[in-house]
file target_13.cif (mmCIF, C-alpha atoms and all ligand atoms)
data_structure
loop_
_atom_site.label_atom_id
_atom_site.label_comp_id
_atom_site.auth_asym_id
_atom_site.auth_seq_id
_atom_site.Cartn_x
_atom_site.Cartn_y
_atom_site.Cartn_z
CA MET A 1 102.24 51.58 110.64
CA HIS A 2 104.21 54.27 112.47
CA LYS A 3 106.77 56.35 110.60
CA LYS A 4 109.53 58.09 112.51
CA LEU A 5 111.30 61.06 110.96
CA ARG A 6 114.07 63.44 111.93
CA LYS A 7 115.11 66.80 110.62
CA THR A 8 116.99 66.22 107.37
CA SER A 9 120.71 66.80 107.74
CA VAL A 10 121.08 67.58 104.03
CA PRO A 11 119.28 69.99 101.69
CA LEU A 12 117.02 68.44 99.05
CA ARG A 13 119.00 68.30 95.82
CA GLY A 14 118.88 66.42 92.55
CA GLU A 15 116.07 65.11 90.36
CA ILE A 16 112.98 63.14 91.26
CA PHE A 17 109.87 61.78 89.63
CA VAL A 18 106.56 61.65 91.52
CA ASP A 19 103.82 59.09 90.97
CA PRO A 20 101.36 59.59 88.08
CA ASP A 21 98.31 61.83 88.26
CA LYS A 22 95.41 60.32 90.19
CA SER A 23 92.61 62.38 88.61
CA ILE A 24 93.74 61.60 85.06
CA SER A 25 94.34 57.89 85.82
CA HIS A 26 90.78 57.44 87.18
CA ARG A 27 89.31 59.19 84.18
CA ALA A 28 91.44 57.32 81.65
CA VAL A 29 90.26 53.91 82.85
CA ILE A 30 86.60 54.86 83.35
CA PHE A 31 86.24 56.80 80.09
CA SER A 32 88.06 54.09 78.12
CA ALA A 33 85.57 51.54 79.45
CA LEU A 34 82.78 53.58 77.80
CA ALA A 35 84.61 53.99 74.50
CA LYS A 36 84.74 51.89 71.34
CA GLY A 37 88.12 50.22 70.80
CA GLU A 38 91.17 49.54 72.92
CA GLY A 39 92.19 52.32 75.29
CA ILE A 40 95.90 52.41 76.08
CA ILE A 41 96.98 54.14 79.27
CA LYS A 42 100.69 54.70 79.77
CA ASN A 43 102.08 55.61 83.20
CA PHE A 44 98.83 54.72 84.99
CA LEU A 45 98.93 55.39 88.75
CA LEU A 46 99.21 52.05 90.57
CA ALA A 47 97.75 53.18 93.90
CA ALA A 48 94.85 52.02 96.05
CA ASP A 49 92.37 54.64 94.76
CA THR A 50 92.95 54.13 91.06
CA LEU A 51 93.03 50.35 91.45
CA SER A 52 89.55 50.68 93.00
CA SER A 53 88.42 52.25 89.72
CA CYS A 54 90.05 49.42 87.72
CA ASN A 55 88.42 46.74 89.86
CA CYS A 56 84.96 48.32 89.62
CA ILE A 57 85.28 48.68 85.84
CA GLU A 58 86.19 44.98 85.59
CA GLN A 59 83.16 44.07 87.70
CA LEU A 60 81.06 45.93 85.13
CA GLY A 61 82.19 43.44 82.48
CA VAL A 62 85.06 45.39 80.91
CA HIS A 63 88.33 43.61 80.17
CA VAL A 64 91.28 45.45 81.74
CA GLU A 65 94.84 44.23 81.18
CA ARG A 66 97.70 45.50 83.31
CA GLU A 67 101.43 45.14 82.71
CA GLY A 68 102.96 47.34 85.39
CA SER A 69 101.86 50.89 84.75
CA LEU A 70 100.66 50.10 81.21
CA VAL A 71 96.91 49.52 81.24
CA LYS A 72 94.82 48.35 78.28
CA VAL A 73 91.05 48.67 78.46
CA SER A 74 88.84 46.87 75.94
CA GLY A 75 86.06 49.42 75.66
CA ASN A 76 82.56 48.07 75.29
CA GLY A 77 81.02 51.36 74.16
CA LEU A 78 78.35 53.37 75.97
CA TYR A 79 75.97 50.40 76.08
CA GLY A 80 78.39 47.58 76.78
CA LEU A 81 78.50 47.49 80.59
CA LYS A 82 76.98 44.56 82.49
CA GLU A 83 75.06 44.42 85.74
CA PRO A 84 77.63 43.70 88.49
CA LEU A 85 77.17 40.56 90.53
CA THR A 86 78.19 42.14 93.84
CA VAL A 87 78.70 45.52 95.47
CA LEU A 88 81.12 47.83 93.66
CA GLN A 89 83.74 48.52 96.32
CA CYS A 90 85.22 52.01 95.92
CA GLY A 91 87.49 51.81 98.98
CA ASN A 92 88.67 55.28 100.03
CA SER A 93 88.09 56.80 96.60
CA GLY A 94 85.52 59.59 96.27
CA THR A 95 86.44 59.99 92.60
CA THR A 96 85.64 56.33 91.87
CA MET A 97 82.28 56.51 93.60
CA ARG A 98 81.10 59.86 92.22
CA LEU A 99 82.24 59.24 88.65
CA LEU A 100 80.78 55.74 88.56
CA THR A 101 77.48 56.97 89.99
CA GLY A 102 77.27 59.25 86.95
CA VAL A 103 78.04 56.34 84.62
CA LEU A 104 75.62 53.92 86.27
CA ALA A 105 72.73 56.40 86.41
CA SER A 106 72.12 55.86 82.69
CA GLN A 107 72.77 52.10 82.52
CA PRO A 108 69.77 49.78 82.24
CA PHE A 109 70.57 47.72 85.34
CA PHE A 110 70.88 47.75 89.13
CA SER A 111 74.13 48.39 90.97
CA VAL A 112 75.33 49.19 94.49
CA LEU A 113 78.38 51.30 95.37
CA SER A 114 80.05 51.25 98.77
CA GLY A 115 83.29 52.46 100.33
CA ASP A 116 85.42 52.31 103.45
CA ASN A 117 84.48 54.03 106.72
CA SER A 118 85.76 57.37 105.44
CA LEU A 119 84.06 57.28 102.03
CA ASN A 120 80.76 56.05 103.48
CA ARG A 121 80.66 59.28 105.51
CA ARG A 122 81.26 61.61 102.56
CA PRO A 123 78.39 63.64 101.08
CA MET A 124 76.77 62.23 97.95
CA ARG A 125 73.67 64.43 97.72
CA ARG A 126 75.76 66.78 95.57
CA VAL A 127 75.77 64.02 92.92
CA LEU A 128 72.34 62.49 93.60
CA ALA A 129 70.52 65.86 93.34
CA PRO A 130 71.49 66.67 89.72
CA LEU A 131 71.32 63.03 88.62
CA GLY A 132 67.87 62.78 90.23
CA ALA A 133 66.77 65.88 88.31
CA MET A 134 67.87 64.08 85.14
CA GLY A 135 65.54 61.22 86.07
CA ALA A 136 67.95 58.81 87.79
CA GLU A 137 66.72 56.60 90.60
CA ILE A 138 69.44 56.49 93.24
CA ARG A 139 69.05 55.80 96.95
CA GLY A 140 71.52 56.17 99.80
CA ARG A 141 71.74 56.32 103.59
CA ASP A 142 70.40 59.41 105.35
CA ASN A 143 67.84 60.08 102.67
CA GLY A 144 70.34 59.91 99.84
CA ASN A 145 73.27 61.72 101.35
CA TYR A 146 75.66 58.90 102.21
CA PRO A 147 76.84 55.63 100.68
CA PRO A 148 76.19 52.80 100.16
CA LEU A 149 74.32 53.96 97.07
CA ALA A 150 71.79 51.83 95.17
CA VAL A 151 71.40 52.83 91.52
CA LYS A 152 68.53 51.77 89.25
CA GLY A 153 69.76 53.20 85.99
CA GLY A 154 67.72 54.19 82.95
CA LYS A 155 67.22 56.71 80.17
CA LEU A 156 67.95 60.26 81.38
CA LYS A 157 67.08 63.75 80.23
CA GLY A 158 69.54 66.62 79.83
CA ILE A 159 69.80 69.21 82.57
CA ASN A 160 70.69 72.86 83.00
CA TYR A 161 72.54 72.87 86.29
CA GLN A 162 74.34 75.44 88.40
CA LEU A 163 76.76 73.67 90.73
CA PRO A 164 76.46 74.98 94.32
CA VAL A 165 80.19 74.30 94.93
CA ALA A 166 83.02 73.95 92.42
CA SER A 167 83.61 70.21 92.13
CA ALA A 168 85.24 68.35 89.28
CA GLN A 169 83.84 65.07 90.58
CA VAL A 170 80.26 66.32 90.47
CA LYS A 171 80.79 68.04 87.11
CA THR A 172 82.22 64.81 85.71
CA ALA A 173 79.41 62.64 87.11
CA ILE A 174 76.83 64.85 85.38
CA LEU A 175 78.76 64.89 82.09
CA LEU A 176 79.06 61.09 82.10
CA ALA A 177 75.35 60.73 82.79
CA SER A 178 74.66 63.15 79.92
CA LEU A 179 76.51 61.20 77.22
CA ASP A 180 73.33 59.39 76.20
CA ALA A 181 70.65 61.71 77.59
CA ASP A 182 67.73 62.77 75.39
CA SER A 183 68.77 66.44 75.23
CA GLU A 184 71.80 68.66 75.87
CA THR A 185 73.24 69.37 79.32
CA VAL A 186 74.56 72.72 80.50
CA ILE A 187 76.67 72.93 83.68
CA ILE A 188 77.77 76.18 85.27
CA GLU A 189 80.36 76.22 88.05
CA PRO A 190 80.78 78.97 90.67
CA GLU A 191 84.57 78.76 90.19
CA LYS A 192 86.57 76.70 87.75
CA SER A 193 87.45 73.22 88.99
CA ARG A 194 89.98 70.90 87.29
CA ASP A 195 89.08 70.35 83.64
CA HIS A 196 90.68 67.00 82.77
CA THR A 197 87.26 65.53 81.98
CA GLU A 198 86.41 68.21 79.43
CA ARG A 199 89.80 67.77 77.73
CA MET A 200 89.69 63.99 77.67
CA LEU A 201 86.06 63.60 76.56
CA SER A 202 86.62 66.15 73.77
CA VAL A 203 89.66 64.22 72.51
CA MET A 204 87.54 61.04 72.60
CA GLY A 205 84.93 62.60 70.33
CA ALA A 206 82.24 63.88 72.71
CA ASP A 207 80.37 66.99 71.51
CA LEU A 208 81.47 69.32 74.25
CA GLU A 209 81.74 73.09 74.38
CA VAL A 210 83.55 74.92 77.17
CA ALA A 211 83.23 78.65 77.75
CA ASP A 212 84.79 79.89 80.97
CA LEU A 213 82.65 78.48 83.80
CA GLN A 214 80.13 76.79 81.51
CA VAL A 215 80.26 73.35 79.92
CA ILE A 216 77.72 72.17 77.33
CA LEU A 217 77.47 68.52 76.30
CA ARG A 218 75.32 67.48 73.34
CA PRO A 219 74.60 63.75 73.58
CA GLY A 220 74.61 61.14 70.87
CA LYS A 221 78.32 60.89 70.03
CA GLU A 222 80.21 57.66 70.62
CA LEU A 223 83.49 57.86 72.50
CA ILE A 224 86.53 56.58 70.61
CA ALA A 225 89.32 54.89 72.58
CA GLN A 226 92.64 56.77 72.75
CA GLU A 227 96.16 56.46 74.00
CA PHE A 228 96.64 58.48 77.19
CA VAL A 229 100.01 59.27 78.75
CA VAL A 230 99.53 60.21 82.39
CA PRO A 231 101.84 62.98 83.67
CA GLY A 232 103.26 63.19 87.20
CA ASP A 233 100.70 64.36 89.74
CA ILE A 234 101.13 68.00 90.76
CA SER A 235 99.27 67.17 93.98
CA SER A 236 102.04 64.67 94.80
CA ALA A 237 104.78 67.02 93.56
CA ALA A 238 103.36 69.64 95.96
CA PHE A 239 104.87 67.85 98.98
CA PHE A 240 108.34 68.15 97.48
CA ILE A 241 107.76 71.67 96.14
CA VAL A 242 107.03 72.77 99.71
CA ALA A 243 109.86 70.66 101.17
CA ALA A 244 112.48 72.13 98.82
CA SER A 245 111.10 75.64 99.39
CA ILE A 246 111.43 75.46 103.19
CA ILE A 247 114.66 73.45 103.65
CA ALA A 248 117.64 75.79 103.31
CA GLY A 249 120.09 75.07 100.50
CA SER A 250 117.69 72.91 98.50
CA GLU A 251 117.55 72.84 94.72
CA LEU A 252 115.26 70.14 93.40
CA LEU A 253 114.06 69.28 89.91
CA ILE A 254 110.74 67.42 89.75
CA ARG A 255 110.44 65.90 86.28
CA ASP A 256 107.39 65.44 84.01
CA VAL A 257 104.65 66.97 86.16
CA GLY A 258 101.20 67.96 84.84
CA ILE A 259 100.80 71.75 85.00
CA ASN A 260 97.18 72.09 83.83
CA SER A 261 96.26 75.66 84.80
CA THR A 262 93.28 74.45 86.87
CA ARG A 263 95.77 72.64 89.15
CA THR A 264 98.69 75.06 89.58
CA GLY A 265 97.36 77.19 92.44
CA ILE A 266 100.06 75.79 94.74
CA ILE A 267 102.82 77.17 92.48
CA LYS A 268 101.17 80.57 92.09
CA VAL A 269 100.63 80.96 95.84
CA LEU A 270 104.13 79.79 96.83
CA GLN A 271 105.61 82.20 94.26
CA SER A 272 103.56 85.03 95.78
CA MET A 273 104.95 84.02 99.17
CA GLY A 274 108.48 84.48 97.79
CA GLY A 275 109.02 80.88 96.66
CA LYS A 276 111.57 80.27 93.91
CA ILE A 277 109.83 77.93 91.49
CA LYS A 278 110.51 77.70 87.76
CA LEU A 279 108.70 75.68 85.13
CA GLU A 280 111.14 74.32 82.57
CA ASN A 281 110.85 72.20 79.43
CA ARG A 282 107.13 72.91 78.98
CA ARG A 283 105.41 70.65 76.46
CA GLU A 284 102.00 69.24 75.64
CA ILE A 285 101.33 65.50 75.84
CA ALA A 286 97.91 63.99 75.10
CA GLY A 287 96.10 67.29 75.62
CA GLU A 288 97.74 68.19 78.94
CA MET A 289 100.61 70.60 79.64
CA ILE A 290 103.65 69.08 81.32
CA ALA A 291 106.85 70.62 82.70
CA ASP A 292 109.85 69.99 84.90
CA ILE A 293 109.54 71.99 88.11
CA LEU A 294 112.72 73.50 89.54
CA VAL A 295 112.41 74.53 93.17
CA SER A 296 115.05 76.39 95.20
CA SER A 297 114.78 77.16 98.89
CA SER A 298 113.69 80.63 99.89
CA ASP A 299 112.45 82.72 102.80
CA LEU A 300 108.67 82.67 102.55
CA LYS A 301 106.29 85.44 103.62
CA GLY A 302 102.74 85.01 104.90
CA ILE A 303 99.79 85.40 102.51
CA GLU A 304 96.00 85.55 102.51
CA ILE A 305 94.19 83.33 100.01
CA ARG A 306 90.48 82.97 99.25
CA GLY A 307 88.00 82.80 96.36
CA ASP A 308 88.75 81.49 92.85
CA ILE A 309 92.23 80.19 93.64
CA ILE A 310 90.94 77.70 96.26
CA PRO A 311 89.66 75.00 93.84
CA GLN A 312 93.04 75.20 92.05
CA LEU A 313 94.87 74.04 95.18
CA ILE A 314 92.22 72.38 97.30
CA ASP A 315 94.19 69.14 97.75
CA GLU A 316 97.41 71.04 98.43
CA LEU A 317 96.13 73.13 101.34
CA PRO A 318 97.37 70.72 104.06
CA VAL A 319 100.96 70.94 102.81
CA LEU A 320 100.61 74.65 102.07
CA ALA A 321 99.79 75.03 105.78
CA VAL A 322 103.27 73.62 106.52
CA ALA A 323 104.82 76.30 104.28
CA MET A 324 102.69 78.95 106.00
CA ALA A 325 103.86 77.69 109.41
CA VAL A 326 107.50 78.53 108.63
CA ALA A 327 106.78 81.70 106.64
CA GLU A 328 107.42 85.13 108.14
CA GLY A 329 104.13 86.66 109.31
CA GLU A 330 100.49 85.67 109.27
CA SER A 331 98.73 83.58 106.63
CA ILE A 332 94.98 83.19 106.20
CA VAL A 333 93.03 80.60 104.20
CA ARG A 334 89.31 81.26 103.62
CA ASP A 335 86.54 79.86 101.36
CA ALA A 336 87.89 76.33 101.83
CA ALA A 337 85.00 74.69 103.72
CA GLU A 338 85.20 71.85 101.16
CA LEU A 339 88.28 70.67 103.05
CA ARG A 340 85.97 69.46 105.80
CA VAL A 341 84.37 66.85 103.52
CA LYS A 342 87.51 65.31 102.02
CA GLU A 343 88.97 61.93 103.13
CA THR A 344 88.80 63.42 106.62
CA ASP A 345 87.96 66.88 108.00
CA ARG A 346 91.23 68.35 106.77
CA ILE A 347 90.75 71.70 108.52
CA ALA A 348 90.42 69.99 111.91
CA ALA A 349 93.21 67.50 111.13
CA VAL A 350 95.74 70.12 109.94
CA CYS A 351 95.03 72.46 112.85
CA LEU A 352 95.26 69.78 115.55
CA GLU A 353 98.27 67.89 114.19
CA LEU A 354 100.35 70.96 113.28
CA SER A 355 99.62 72.53 116.66
CA LYS A 356 101.18 69.38 118.22
CA MET A 357 104.32 70.29 116.25
CA GLY A 358 104.53 73.81 117.66
CA VAL A 359 102.57 75.70 115.01
CA GLU A 360 100.27 78.53 116.08
CA ILE A 361 97.26 77.74 113.94
CA THR A 362 93.61 78.65 114.50
CA GLU A 363 90.68 76.82 112.98
CA LEU A 364 88.04 78.80 111.07
CA GLU A 365 84.76 77.39 109.74
CA ASP A 366 86.08 77.67 106.16
CA GLY A 367 89.85 77.68 106.62
CA PHE A 368 92.57 78.59 109.12
CA ILE A 369 94.90 81.33 110.33
CA VAL A 370 98.59 80.53 110.78
CA LYS A 371 100.97 82.72 112.77
CA GLY A 372 104.09 81.96 110.77
CA ASN A 373 107.47 81.62 112.48
CA PRO A 374 110.49 80.23 110.59
CA GLY A 375 111.81 78.28 113.58
CA CYS A 376 108.56 77.00 115.04
CA LEU A 377 108.45 73.36 113.91
CA ARG A 378 109.34 70.72 116.47
CA GLY A 379 108.81 66.99 116.32
CA GLY A 380 105.89 65.33 118.00
CA ARG A 381 103.59 62.33 118.02
CA VAL A 382 101.02 63.00 115.33
CA GLY A 383 98.39 61.04 113.42
CA SER A 384 97.35 60.91 109.78
CA TRP A 385 93.63 60.55 110.56
CA GLY A 386 93.79 57.79 107.92
CA ASP A 387 94.20 60.50 105.26
CA HIS A 388 97.02 60.20 102.73
CA ARG A 389 97.54 63.92 102.25
CA ILE A 390 97.62 64.61 105.99
CA ALA A 391 100.28 61.88 106.44
CA MET A 392 102.48 63.31 103.67
CA SER A 393 102.07 66.91 104.89
CA LEU A 394 103.15 65.87 108.39
CA ALA A 395 106.13 64.03 106.91
CA ILE A 396 107.29 67.25 105.23
CA ALA A 397 106.82 69.11 108.52
CA GLY A 398 108.77 66.25 110.18
CA ILE A 399 111.89 66.59 108.01
CA ALA A 400 111.93 70.34 108.72
CA ALA A 401 111.28 70.05 112.49
CA GLU A 402 113.71 69.88 115.42
CA GLY A 403 113.59 66.49 117.14
CA GLU A 404 111.71 63.33 116.23
CA THR A 405 108.29 63.13 114.58
CA ASP A 406 106.21 59.96 114.86
CA ILE A 407 103.32 59.67 112.37
CA ALA A 408 100.67 57.04 113.14
CA ASN A 409 98.81 55.30 110.27
CA ALA A 410 101.48 56.39 107.84
CA GLU A 411 100.68 53.55 105.39
CA THR A 412 97.79 55.64 104.09
CA VAL A 413 100.16 57.32 101.57
CA ASP A 414 99.45 54.23 99.40
CA ILE A 415 96.08 55.77 98.49
CA SER A 416 97.68 58.23 96.04
CA PHE A 417 101.50 58.09 96.22
CA PRO A 418 102.87 54.62 97.05
CA ASN A 419 106.45 55.70 96.29
CA PHE A 420 106.31 58.66 98.68
CA TRP A 421 108.59 57.23 101.42
CA LYS A 422 111.11 55.96 98.88
CA VAL A 423 111.34 59.36 97.14
CA LEU A 424 111.59 61.15 100.49
CA SER A 425 114.29 58.88 101.91
CA GLY A 426 116.26 59.13 98.66
CA LEU A 427 116.45 62.90 99.13
CA THR A 428 117.07 63.06 102.85
CA GLU A 429 119.61 60.21 102.87
CA SER A 430 117.85 58.83 105.91
CA ASP A 431 116.51 55.36 106.28
CA LEU A 432 112.83 56.08 106.71
C1 LIG A 501 89.07 65.35 92.10
C2 LIG A 501 88.38 66.49 92.42
C3 LIG A 501 88.50 67.15 93.74
C4 LIG A 501 89.74 66.67 94.48
C5 LIG A 501 89.89 65.19 94.45
C6 LIG A 501 90.00 64.69 93.02
C7 LIG A 501 88.84 64.76 90.76
O1 LIG A 501 87.36 66.84 94.50
O2 LIG A 501 89.70 67.12 95.82
O3 LIG A 501 91.05 64.79 95.15
O4 LIG A 501 89.65 63.91 90.33
O5 LIG A 501 87.88 65.13 90.11
P1 LIG A 501 85.95 67.65 94.36
O6 LIG A 501 85.36 67.31 93.06
O7 LIG A 501 85.13 67.16 95.51
O8 LIG A 501 86.31 69.09 94.48
#
call {"tool": "encode", "arguments": {"input": "target_13.cif", "output": "structure tokens", "more": "lines below"}}
Ligand code: S3P
result
Amino acid sequence: MHKKLRKTSVPLRGEIFVDPDKSISHRAVIFSALAKGEGIIKNFLLAADTLSSCNCIEQLGVHVEREGSLVKVSGNGLYGLKEPLTVLQCGNSGTTMRLLTGVLASQPFFSVLSGDNSLNRRPMRRVLAPLGAMGAEIRGRDNGNYPPLAVKGGKLKGINYQLPVASAQVKTAILLASLDADSETVIIEPEKSRDHTERMLSVMGADLEVADLQVILRPGKELIAQEFVVPGDISSAAFFIVAASIIAGSELLIRDVGINSTRTGIIKVLQSMGGKIKLENRREIAGEMIADILVSSSDLKGIEIRGDIIPQLIDELPVLAVAMAVAEGESIVRDAAELRVKETDRIAAVCLELSKMGVEITELEDGFIVKGNPGCLRGGRVGSWGDHRIAMSLAIAGIAAEGETDIANAETVDISFPNFWKVLSGLTESDL
């Protein structure tokens, strides 16, 4: 599907909601499947990725009931999963595949996980190495680096593991595999990645201790089903935070967004660039902080970012590049090589597609340099590379650019934010 956009003739004003958090939705359904009792998930994200997790969980013998965004999971406990009859299809979802690999590593049966053409090219050794050290037997293409993965699960031993790169997916896979290991597991991250897993497993009764970059899990505790209320996804809100920041005259309130401090890098960096962003009505729901985000347009200045902040905004870097493009002065992003192994090579995709729209952007091995210029964006024919976050970033560039922008493969937004076009057209009064 092609999407054609024009520069918005109106500023972005009013109130919006964005779709529910993807990371928390995946975890809620997978963790509930391993718990005792009925897990209730309110405001579950109904998008392609999270539905992949639901489908796989059902194939593992767990009863999942859906009434719109209300999901009920009849947990079978840690030992209640069944050997799946066919391949577990994870679609485009790295979170589904990596988290389930952790779950299946300790189950006493055989299972196979596969994905689409993008997922089957994403690195899995990062999960297979620690799980292998715990005693799991998992095979994959290219000597265990790529899916499909074949898992022969069994009893595992605890591990003391230093993650080579900060990754919440890898951290979570190891923690899930550790729930019934024969000794404790210690994980140390180089930088802090999102901590939804630690919060949710603790609430469910796991014996988990977190100290800065270290997580310790002592096995042997059953998980107890809970009620989870999923907040709006800050990674989806990010597109509109940037849009309202760069379109003159905007004042936009984004309601009920998760503001977990391991996810708010985008807000901190935009504020440092001169962005006017306020968090209002802060409250805690089901162990996560939530707020309404008020964004007013502003003149942004270039910035250099690297190090610890990168994992806190890794998924937001493509849209942050759009903000950097129209900021005054140079911006530099470093230490973000992980972007190359996301749904697509996001460094290559952002640099090529934004350069088609008039942006002076140079690719680095681990990031990019943008020569910001407030008036630089012009429409062009661009492609999403089949990547939801690239499509949405280009759409935000499109409503700020002179002339027409044509985005190929725009349907990919359904992976994480199916209501994206509706929310965008509601604000720009155009018929997208
Ligand atoms: C996610 C972790 C991040 C992120 C992804 C979702 C998660 O990936 O990019 O979109 O839900 O745990 P990594 O674990 O590879 O950093």
call {"tool": "closest_residue", "arguments": {"input": "target_13.cif", "among": "A:Glu227, A:Val295, A:Gly258, A:Ala243", "to": "A:Ala400", "atoms": "only C-alpha atoms"}}
result
A:Ala243
call {"tool": "atom_distance", "arguments": {"input": "target_13.cif", "atom1": "atom CA of A:Ile40", "atom2": "atom CA of A:Leu179"}}
result
21.3 Å
call {"tool": "atom_distance", "arguments": {"input": "target_13.cif", "atom1": "atom CA of A:Gly154", "atom2": "atom CA of A:Leu213"}}
result
28.5 Å
call {"tool": "residues_near_ligand", "arguments": {"input": "target_13.cif", "ligand": "ligand LIG 501 (chain A)", "cutoff": "9 Å", "atoms": "all atoms listed in the file", "output": "ChimeraX atom specification"}}
result
/A:22-27,93-96,98-99,165-172,193-197,235,311,313-315,338-339,341-343
call {"tool": "residues_near_point", "arguments": {"input": "target_13.cif", "point": "(106.9, 67.9, 110.7)", "cutoff": "12 Å", "atoms": "only C-alpha atoms", "output": "MDAnalysis selection string"}}
result
chainID A and resid 3:8 239 243 246:247 318:319 321:323 325:326 350 353:359 375:384 390:407
call {"tool": "closest_residue", "arguments": {"input": "target_13.cif", "among": "A:Val269, A:Ala105, A:Ala327, A:Cys54", "to": "A:Arg306", "atoms": "all atoms listed in the file"}}
result
A:Val269
call {"tool": "residues_around", "arguments": {"input": "target_13.cif", "residues": "A:Met204", "least_positions_apart": "3", "cutoff": "9 Å", "atoms": "only C-alpha atoms", "output": "CSV table (one decimal) with C-alpha atoms, in the frame of the given file"}}
result
chain,number,residue,atom,x,y,z
A,31,PHE,CA,86.2,56.8,80.1
A,32,SER,CA,88.1,54.1,78.1
A,35,ALA,CA,84.6,54.0,74.5
A,199,ARG,CA,89.8,67.8,77.7
A,200,MET,CA,89.7,64.0,77.7
A,201,LEU,CA,86.1,63.6,76.6
A,222,GLU,CA,80.2,57.7,70.6
A,223,LEU,CA,83.5,57.9,72.5
A,224,ILE,CA,86.5,56.6,70.6
A,225,ALA,CA,89.3,54.9,72.6
A,226,GLN,CA,92.6,56.8,72.8
call {"tool": "residues_around", "arguments": {"input": "target_13.cif", "residues": "A:Ala33", "least_positions_apart": "3", "cutoff": "8 Å", "atoms": "all atoms listed in the file", "output": "VMD selection string"}}
result
chain A and resid 29 to 30 39 57 62 73 to 77
call {"tool": "residues_near_point", "arguments": {"input": "target_13.cif", "point": "(75.0, 61.7, 98.7)", "cutoff": "7 Å", "atoms": "only C-alpha atoms", "output": "mmCIF file with C-alpha atoms, in the coordinates of the input"}}
result
data_model
loop_
_atom_site.group_PDB
_atom_site.id
_atom_site.type_symbol
_atom_site.label_atom_id
_atom_site.label_comp_id
_atom_site.auth_asym_id
_atom_site.auth_seq_id
_atom_site.Cartn_x
_atom_site.Cartn_y
_atom_site.Cartn_z
ATOM 1 C CA PRO A 123 78.390 63.640 101.080
ATOM 2 C CA MET A 124 76.770 62.230 97.950
ATOM 3 C CA ARG A 125 73.670 64.430 97.720
ATOM 4 C CA ARG A 126 75.760 66.780 95.570
ATOM 5 C CA VAL A 127 75.770 64.020 92.920
ATOM 6 C CA LEU A 128 72.340 62.490 93.600
ATOM 7 C CA GLY A 140 71.520 56.170 99.800
ATOM 8 C CA GLY A 144 70.340 59.910 99.840
ATOM 9 C CA ASN A 145 73.270 61.720 101.350
ATOM 10 C CA TYR A 146 75.660 58.900 102.210
ATOM 11 C CA PRO A 147 76.840 55.630 100.680
#
call {"tool": "closest_residue", "arguments": {"input": "target_13.cif", "among": "A:Ile310, A:Ile16, A:Ile241, A:Ile277", "to": "A:Pro190", "atoms": "all atoms listed in the file"}}
result
A:Ile310
call {"tool": "closest_residue", "arguments": {"input": "target_13.cif", "among": "A:Glu184, A:Glu189, A:Asp256, A:Glu15", "to": "A:Leu208", "atoms": "only C-alpha atoms"}}
result
A:Glu184
call {"tool": "atom_distance", "arguments": {"input": "target_13.cif", "atom1": "atom CA of A:Leu253", "atom2": "atom CA of A:Glu328"}}
result
25.1 Å
call {"tool": "residues_around", "arguments": {"input": "target_13.cif", "residues": "A:Ala348", "least_positions_apart": "2", "cutoff": "10 Å", "atoms": "all atoms listed in the file", "output": "compact mmCIF listing (two decimals) with C-alpha atoms, in the frame of the given file"}}
result
# COMPACT_ATOMS: atom_id res chain seq x y z
CA LEU A 339 88.28 70.67 103.05
CA ARG A 340 85.97 69.46 105.80
CA THR A 344 88.80 63.42 106.62
CA ASP A 345 87.96 66.88 108.00
CA ARG A 346 91.23 68.35 106.77
CA VAL A 350 95.74 70.12 109.94
CA CYS A 351 95.03 72.46 112.85
CA LEU A 352 95.26 69.78 115.55
CA GLU A 353 98.27 67.89 114.19
CA THR A 362 93.61 78.65 114.50
CA GLU A 363 90.68 76.82 112.98
CA LEU A 364 88.04 78.80 111.07
CA GLU A 365 84.76 77.39 109.74
CA GLY A 367 89.85 77.68 106.62
CA PHE A 368 92.57 78.59 109.12
call {"tool": "residues_around", "arguments": {"input": "target_13.cif", "residues": "A:Gly91", "least_positions_apart": "3", "cutoff": "8 Å", "atoms": "only C-alpha atoms", "output": "NGL selection string"}}
result
:A and (48-49 or 52 or 114-116 or 119)
